[in-house]
file my_file.cif (mmCIF, C-alpha atoms)
data_work
#
loop_
_atom_site.label_atom_id
_atom_site.label_comp_id
_atom_site.auth_asym_id
_atom_site.auth_seq_id
_atom_site.Cartn_x
_atom_site.Cartn_y
_atom_site.Cartn_z
CA MET A 1 0.00 0.00 0.00
CA LYS A 2 1.41 3.36 -1.03
CA PRO A 3 1.72 5.85 1.85
CA GLU A 4 -0.49 8.34 0.00
CA ALA A 5 -3.44 5.95 0.27
CA ILE A 6 -5.82 6.00 3.25
CA GLU A 7 -7.48 2.68 4.03
CA PHE A 8 -10.84 3.20 5.71
CA PHE A 9 -12.28 0.30 7.71
CA TYR A 10 -15.96 0.77 8.51
CA ASP A 11 -19.38 -0.69 9.16
CA TYR A 12 -22.52 1.22 8.16
CA GLY A 13 -23.91 0.72 11.65
CA SER A 14 -21.32 3.03 13.20
CA PRO A 15 -22.42 6.67 13.39
CA ASN A 16 -18.82 7.71 13.99
CA ALA A 17 -17.76 5.91 10.82
CA TYR A 18 -20.44 7.85 8.93
CA LEU A 19 -19.19 11.15 10.32
CA ALA A 20 -15.60 10.29 9.42
CA TYR A 21 -16.64 9.20 5.93
CA LYS A 22 -18.18 12.59 5.26
CA LEU A 23 -14.82 14.28 5.92
CA LEU A 24 -12.60 11.91 3.97
CA PRO A 25 -13.17 13.53 0.55
CA GLY A 26 -11.92 16.85 1.91
CA ILE A 27 -8.81 15.21 3.32
CA ALA A 28 -8.19 13.45 0.01
CA GLU A 29 -8.54 16.73 -1.86
CA LYS A 30 -6.16 18.61 0.44
CA THR A 31 -3.50 15.90 0.67
CA GLY A 32 -3.73 14.21 -2.72
CA ALA A 33 -4.44 10.90 -0.98
CA THR A 34 -6.66 8.21 -2.40
CA ILE A 35 -9.29 6.52 -0.25
CA THR A 36 -9.51 2.72 -0.18
CA LEU A 37 -12.81 1.51 1.25
CA LYS A 38 -12.61 -1.56 3.50
CA PRO A 39 -16.10 -2.57 4.67
CA CYS A 40 -16.13 -5.23 7.38
CA LEU A 41 -18.49 -6.48 10.06
CA LEU A 42 -18.20 -4.59 13.32
CA GLY A 43 -19.99 -7.31 15.28
CA GLY A 44 -17.41 -9.82 14.11
CA ILE A 45 -14.60 -7.50 15.12
CA PHE A 46 -16.12 -6.97 18.57
CA LYS A 47 -16.43 -10.72 19.05
CA ALA A 48 -12.87 -11.42 17.92
CA THR A 49 -11.34 -8.67 20.07
CA ASN A 50 -13.61 -8.91 23.13
CA ASN A 51 -14.65 -5.30 22.53
CA GLN A 52 -18.07 -3.69 23.05
CA SER A 53 -19.93 -0.74 21.60
CA PRO A 54 -19.71 2.49 23.65
CA PHE A 55 -23.42 2.16 24.42
CA VAL A 56 -22.68 -1.11 26.22
CA ALA A 57 -19.21 -0.38 27.56
CA TYR A 58 -20.14 2.97 29.10
CA ALA A 59 -23.70 2.16 30.13
CA GLN A 60 -22.85 2.00 33.82
CA VAL A 61 -20.43 4.95 33.85
CA LYS A 62 -22.29 7.98 35.15
CA GLY A 63 -22.17 10.86 32.67
CA LYS A 64 -19.99 9.07 30.12
CA LEU A 65 -22.61 8.40 27.45
CA ALA A 66 -24.04 11.89 27.82
CA TYR A 67 -20.57 13.32 27.29
CA GLU A 68 -19.98 11.08 24.25
CA GLN A 69 -23.20 12.42 22.75
CA LEU A 70 -22.12 15.99 23.52
CA GLU A 71 -18.81 15.45 21.73
CA MET A 72 -20.63 13.97 18.74
CA ALA A 73 -22.96 16.98 18.60
CA ARG A 74 -19.97 19.32 18.69
CA PHE A 75 -18.28 17.38 15.88
CA ILE A 76 -21.42 17.48 13.72
CA LYS A 77 -21.88 21.22 14.28
CA LYS A 78 -18.21 22.04 13.67
CA HIS A 79 -18.13 20.24 10.33
CA GLY A 80 -21.68 21.01 9.18
CA ILE A 81 -22.63 17.38 8.63
CA SER A 82 -26.24 16.36 8.04
CA PHE A 83 -27.07 13.75 10.67
CA ALA A 84 -30.21 12.14 12.03
CA TYR A 85 -30.12 9.52 14.76
CA ASN A 86 -31.51 6.25 13.43
CA PRO A 87 -34.53 5.32 15.58
CA ASN A 88 -33.94 1.65 14.74
CA PHE A 89 -30.45 1.65 16.29
CA PRO A 90 -28.78 -0.75 16.84
CA VAL A 91 -29.29 -2.10 13.33
CA ASN A 92 -28.08 -5.58 12.41
CA THR A 93 -25.82 -4.68 9.48
CA LEU A 94 -25.01 -8.19 8.24
CA LEU A 95 -27.21 -7.85 5.14
CA ILE A 96 -25.99 -4.42 4.06
CA MET A 97 -22.36 -5.36 4.77
CA ARG A 98 -22.76 -8.40 2.51
CA GLY A 99 -24.25 -5.96 0.03
CA ALA A 100 -21.02 -4.00 0.30
CA MET A 101 -19.14 -7.13 -0.73
CA VAL A 102 -21.38 -7.39 -3.79
CA ALA A 103 -20.69 -3.74 -4.58
CA GLN A 104 -16.97 -4.25 -4.05
CA ARG A 105 -16.95 -7.25 -6.40
CA ASP A 106 -18.94 -5.42 -9.06
CA ASP A 107 -17.10 -2.07 -8.80
CA PHE A 108 -19.78 0.23 -7.38
CA LEU A 109 -18.70 0.25 -3.74
CA GLU A 110 -18.26 4.02 -3.50
CA SER A 111 -21.77 4.87 -4.72
CA TYR A 112 -23.24 2.04 -2.61
CA THR A 113 -21.42 3.31 0.47
CA ASP A 114 -22.59 6.88 -0.14
CA ALA A 115 -26.19 5.70 -0.33
CA VAL A 116 -26.20 3.19 2.52
CA PHE A 117 -24.46 5.52 4.97
CA ASP A 118 -27.03 8.20 4.15
CA PHE A 119 -29.90 5.76 4.64
CA MET A 120 -28.48 4.90 8.04
CA TRP A 121 -27.59 8.35 9.36
CA LYS A 122 -29.04 11.11 7.15
CA ASP A 123 -32.40 9.79 5.99
CA PRO A 124 -32.56 6.83 8.39
CA ARG A 125 -34.30 3.63 7.43
CA LYS A 126 -34.58 0.21 9.07
CA MET A 127 -31.67 -1.23 7.11
CA ASP A 128 -31.89 -4.73 8.56
CA ASP A 129 -35.31 -5.38 7.04
CA PRO A 130 -34.73 -7.12 3.68
CA GLU A 131 -37.80 -5.59 2.04
CA ILE A 132 -36.87 -2.10 3.19
CA VAL A 133 -33.27 -2.63 2.07
CA LYS A 134 -34.42 -3.82 -1.36
CA ALA A 135 -36.80 -0.89 -1.79
CA THR A 136 -34.26 1.62 -0.49
CA LEU A 137 -31.49 0.41 -2.80
CA THR A 138 -33.90 0.44 -5.74
CA GLU A 139 -34.92 3.98 -4.83
CA ALA A 140 -31.24 4.95 -4.87
CA GLY A 141 -30.85 3.64 -8.41
CA PHE A 142 -29.39 0.21 -7.72
CA ASN A 143 -30.71 -3.23 -8.61
CA GLY A 144 -32.09 -3.88 -5.15
CA SER A 145 -33.40 -7.36 -5.92
CA GLY A 146 -30.15 -8.35 -7.59
CA ILE A 147 -28.01 -7.14 -4.70
CA LEU A 148 -30.14 -8.94 -2.12
CA ALA A 149 -30.01 -12.15 -4.11
CA ALA A 150 -26.23 -11.88 -4.42
CA THR A 151 -25.81 -11.45 -0.66
CA GLN A 152 -26.72 -15.12 -0.32
CA ASP A 153 -23.83 -16.21 -2.54
CA PRO A 154 -21.37 -18.28 -0.43
CA GLU A 155 -18.45 -16.41 -2.00
CA ILE A 156 -19.92 -13.08 -0.90
CA LYS A 157 -20.48 -14.37 2.63
CA ALA A 158 -16.90 -15.66 2.72
CA ALA A 159 -15.54 -12.36 1.39
CA LEU A 160 -17.08 -10.46 4.31
CA ILE A 161 -15.68 -12.94 6.81
CA ASP A 162 -12.24 -12.79 5.21
CA GLN A 163 -12.14 -8.99 5.10
CA THR A 164 -13.28 -8.81 8.73
CA ASN A 165 -10.65 -11.34 9.84
CA THR A 166 -7.95 -9.45 7.94
CA ALA A 167 -8.96 -6.26 9.74
CA VAL A 168 -8.61 -7.99 13.12
CA GLU A 169 -5.22 -9.41 12.13
CA ARG A 170 -4.03 -5.89 11.35
CA GLY A 171 -5.11 -4.65 14.77
CA VAL A 172 -8.58 -3.22 14.11
CA PHE A 173 -10.81 -3.37 17.21
CA GLY A 174 -13.50 -0.76 16.43
CA MET A 175 -14.83 1.73 13.91
CA PRO A 176 -13.80 3.90 12.23
CA THR A 177 -10.20 2.78 11.72
CA PHE A 178 -7.72 4.18 9.21
CA PHE A 179 -4.37 3.00 7.93
CA VAL A 180 -1.71 5.09 6.21
CA GLY A 181 0.83 2.51 5.19
CA ASP A 182 1.35 0.44 8.34
CA GLU A 183 0.26 3.22 10.71
CA MET A 184 -3.14 2.67 12.31
CA PHE A 185 -5.45 5.44 13.56
CA PHE A 186 -8.70 4.81 15.44
CA GLY A 187 -11.68 7.15 15.74
CA LYS A 188 -13.09 10.13 13.88
CA ASP A 189 -11.11 12.44 16.15
CA ARG A 190 -7.87 11.10 14.65
CA LEU A 191 -8.59 12.43 11.17
CA LYS A 192 -6.17 15.33 11.67
CA GLN A 193 -3.44 12.81 12.46
CA VAL A 194 -4.39 10.82 9.35
CA ALA A 195 -3.95 13.93 7.21
CA GLU A 196 -0.65 14.73 8.91
CA ALA A 197 0.59 11.20 8.24
CA ILE A 198 -0.06 11.78 4.55
CA THR A 199 1.60 15.19 4.32
CA GLU A 200 4.55 14.29 6.55
CA GLY A 201 5.04 10.98 4.78
#

call {"tool": "encode", "arguments": {"input": "my_file.cif", "output": "structure tokens"}}
result
Amino acid sequence: MKPEAIEFFYDYGSPNAYLAYKLLPGIAEKTGATITLKPCLLGGIFKATNNQSPFVAYAQVKGKLAYEQLEMARFIKKHGISFAYNPNFPVNTLLIMRGAMVAQRDDFLESYTDAVFDFMWKDPRKMDDPEIVKATLTEAGFNGSGILAATQDPEIKAALIDQTNTAVERGVFGMPTFFVGDEMFFGKDRLKQVAEAITEG
């Protein structure tokens, strides 16, 4: 991997990954970096690393979740990002992550990711309901029926498992995670460091 490439590991179910994704084009434009999308299953990563979502990990810490939400609100306001909390959260993302593998195989991952992130965190839908997913993808201009059918392909299922396992092997334990060369950065608040790694490299 060339040092001017940013690898972005994400799951559509992570609001922080969505927020980071919205800023990546600006970083790419300023630094000349390319963005390599690496969708993988956050639930699988949590299981493999014995990690938990902040909503679980901080549930018993007085004030912690409220502060996390405050920091998120500040981030959204600072960067002018359109965001709407998904009322169906947490969403089981297995289906739409397999859809990402279909999109990756068939070379439309960027447009798929744009749409699915928005339907999770901008115009939120229940993206673990197959009928809603099919209708939503069709509305966005994709072959919704074709994508859903392809998610049942054993090779697609294996591709998601393999990409998730590779992420864990490289040290990924949560979302969003970025790599610049062999340097790993975790969290949307590390985007400045990601950009610096590009320019200093």

call {"tool": "closest_residue", "arguments": {"input": "my_file.cif", "among": "A:Ala33, A:Ile96, A:Ile27, A:Ala103", "to": "Lys134 of chain A", "atoms": "all atoms listed in the file"}}
result
A:Ile96

call {"tool": "residues_around", "arguments": {"input": "my_file.cif", "residues": "Ala115 of chain A", "least_positions_apart": "5", "cutoff": "10 Å", "atoms": "all atoms listed in the file", "output": "MDAnalysis selection string"}}
result
chainID A and resid 109:110 120 122:123 136:137 139:142

call {"tool": "residues_around", "arguments": {"input": "my_file.cif", "residues": "Ala5 of chain A", "least_positions_apart": "5", "cutoff": "7 Å", "atoms": "only C-alpha atoms", "output": "VMD selection string"}}
result
chain A and resid 33 to 36 180

call {"tool": "write_last_selection", "arguments": {"input": "my_file.cif", "atoms": "C-alpha atoms", "output": "mmCIF file, in the coordinates of the input"}}
result
data_model
loop_
_atom_site.group_PDB
_atom_site.id
_atom_site.type_symbol
_atom_site.label_atom_id
_atom_site.label_comp_id
_atom_site.auth_asym_id
_atom_site.auth_seq_id
_atom_site.Cartn_x
_atom_site.Cartn_y
_atom_site.Cartn_z
ATOM 1 C CA ALA A 33 -4.440 10.900 -0.980
ATOM 2 C CA THR A 34 -6.660 8.210 -2.400
ATOM 3 C CA ILE A 35 -9.290 6.520 -0.250
ATOM 4 C CA THR A 36 -9.510 2.720 -0.180
ATOM 5 C CA VAL A 180 -1.710 5.090 6.210
#

call {"tool": "resolve_selection", "arguments": {"input": "my_file.cif", "expression": "the PyMOL selection byres ((chain A and resi 83) around 12)", "output": "ChimeraX atom specification"}}
result
/A:15-16,18-19,22,72-73,75-77,79-82,84-86,117-124

call {"tool": "closest_residue", "arguments": {"input": "my_file.cif", "among": "A:Tyr21, A:Phe185, A:Tyr67, A:Phe178", "to": "Pro54 of chain A", "atoms": "only C-alpha atoms"}}
result
A:Tyr67

call {"tool": "closest_residue", "arguments": {"input": "my_file.cif", "among": "A:Asp189, A:Glu196, A:Asp11, A:Glu4", "to": "Glu71 of chain A", "atoms": "all atoms listed in the file"}}
result
A:Asp189

call {"tool": "closest_residue", "arguments": {"input": "my_file.cif", "among": "A:Glu200, A:Asp182, A:Glu169, A:Glu68", "to": "Thr49 of chain A", "atoms": "only C-alpha atoms"}}
result
A:Glu169

call {"tool": "closest_residue", "arguments": {"input": "my_file.cif", "among": "A:Leu148, A:Ile156, A:Ala59, A:Ile6", "to": "Leu37 of chain A", "atoms": "all atoms listed in the file"}}
result
A:Ile6

call {"tool": "atom_distance", "arguments": {"input": "my_file.cif", "atom1": "atom CA of Ala100 of chain A", "atom2": "atom CA of Val56 of chain A"}}
result
26.1 Å

call {"tool": "resolve_selection", "arguments": {"input": "my_file.cif", "expression": "the PyMOL selection byres ((chain A and resi 41) around 12)", "output": "compact mmCIF listing (two decimals) with C-alpha atoms, in the frame of the given file"}}
result
# COMPACT_ATOMS: atom_id res chain seq x y z
CA PHE A 9 -12.28 0.30 7.71
CA TYR A 10 -15.96 0.77 8.51
CA ASP A 11 -19.38 -0.69 9.16
CA TYR A 12 -22.52 1.22 8.16
CA GLY A 13 -23.91 0.72 11.65
CA SER A 14 -21.32 3.03 13.20
CA LYS A 38 -12.61 -1.56 3.50
CA PRO A 39 -16.10 -2.57 4.67
CA CYS A 40 -16.13 -5.23 7.38
CA LEU A 42 -18.20 -4.59 13.32
CA GLY A 43 -19.99 -7.31 15.28
CA GLY A 44 -17.41 -9.82 14.11
CA ILE A 45 -14.60 -7.50 15.12
CA PHE A 46 -16.12 -6.97 18.57
CA LYS A 47 -16.43 -10.72 19.05
CA ALA A 48 -12.87 -11.42 17.92
CA ASN A 92 -28.08 -5.58 12.41
CA THR A 93 -25.82 -4.68 9.48
CA LEU A 94 -25.01 -8.19 8.24
CA LEU A 95 -27.21 -7.85 5.14
CA ILE A 96 -25.99 -4.42 4.06
CA MET A 97 -22.36 -5.36 4.77
CA ARG A 98 -22.76 -8.40 2.51
CA GLY A 99 -24.25 -5.96 0.03
CA ALA A 100 -21.02 -4.00 0.30
CA MET A 101 -19.14 -7.13 -0.73
CA LYS A 157 -20.48 -14.37 2.63
CA ALA A 158 -16.90 -15.66 2.72
CA ALA A 159 -15.54 -12.36 1.39
CA LEU A 160 -17.08 -10.46 4.31
CA ILE A 161 -15.68 -12.94 6.81
CA ASP A 162 -12.24 -12.79 5.21
CA GLN A 163 -12.14 -8.99 5.10
CA THR A 164 -13.28 -8.81 8.73
CA ASN A 165 -10.65 -11.34 9.84
CA THR A 166 -7.95 -9.45 7.94
CA ALA A 167 -8.96 -6.26 9.74
CA VAL A 168 -8.61 -7.99 13.12
CA VAL A 172 -8.58 -3.22 14.11
CA PHE A 173 -10.81 -3.37 17.21
CA GLY A 174 -13.50 -0.76 16.43
CA MET A 175 -14.83 1.73 13.91
CA PRO A 176 -13.80 3.90 12.23

call {"tool": "atom_distance", "arguments": {"input": "my_file.cif", "atom1": "atom CA of Val194 of chain A", "atom2": "atom CA of Arg170 of chain A"}}
result
16.8 Å

call {"tool": "atom_distance", "arguments": {"input": "my_file.cif", "atom1": "atom CA of Lys126 of chain A", "atom2": "atom CA of Thr151 of chain A"}}
result
17.5 Å

call {"tool": "axis_aligned_box", "arguments": {"input": "my_file.cif", "around": "segment 98-102 of chain A", "padding_each_side": "4 Å", "output": "AutoDock Vina command-line options"}}
result
--center_x -21.7 --center_y -6.2 --center_z -0.6 --size_x 13.1 --size_y 12.4 --size_z 14.3
